[in-house]
Amino acid sequence: LPSFILPGRHNYALSGQASQSSNYGDFYASRANDGRLVSWGIDGITHTQERTDEWLMIDLGAYIYLAHMIMYNRDGYGCSGANCGKCAT
């Protein structure tokens, strides 16, 4: 996965406060906005319980107009389906 910010862009999520509806093991919400694009592993991804109503929220600390957002879905171990390794923009 690429790890870059385009010129003139800023990653506001890095200083935000992450929370999620539940934790799956030690995969805490703070991993969602730590700036690391690790696909899997002990220091990698965030993960909720396996239910259909789960959510992730990043509080940016201010009202910010976002012209573009990228959210990466995990790839690798335990990932199945069409969204593995994809990013949502």
# chains A, B, ... in the order shown; residues from 1 in each chain; ligands from 1
$ residues_around --residues "region 59-69 of chain A" --least-positions-apart "3" --cutoff "9 Å" --atoms "only C-alpha atoms" --output "ChimeraX atom specification"
/A:12-19,88-89
$ residues_around --residues "Ser22 (chain A)" --least-positions-apart "3" --cutoff "12 Å" --atoms "only C-alpha atoms" --output "PyMOL selection string"
chain A and resi 18-19+25-29+46-57
$ atom_distance --atom1 "CA of His10 (chain A)" --atom2 "CA of Tyr24 (chain A)"
29.5 Å
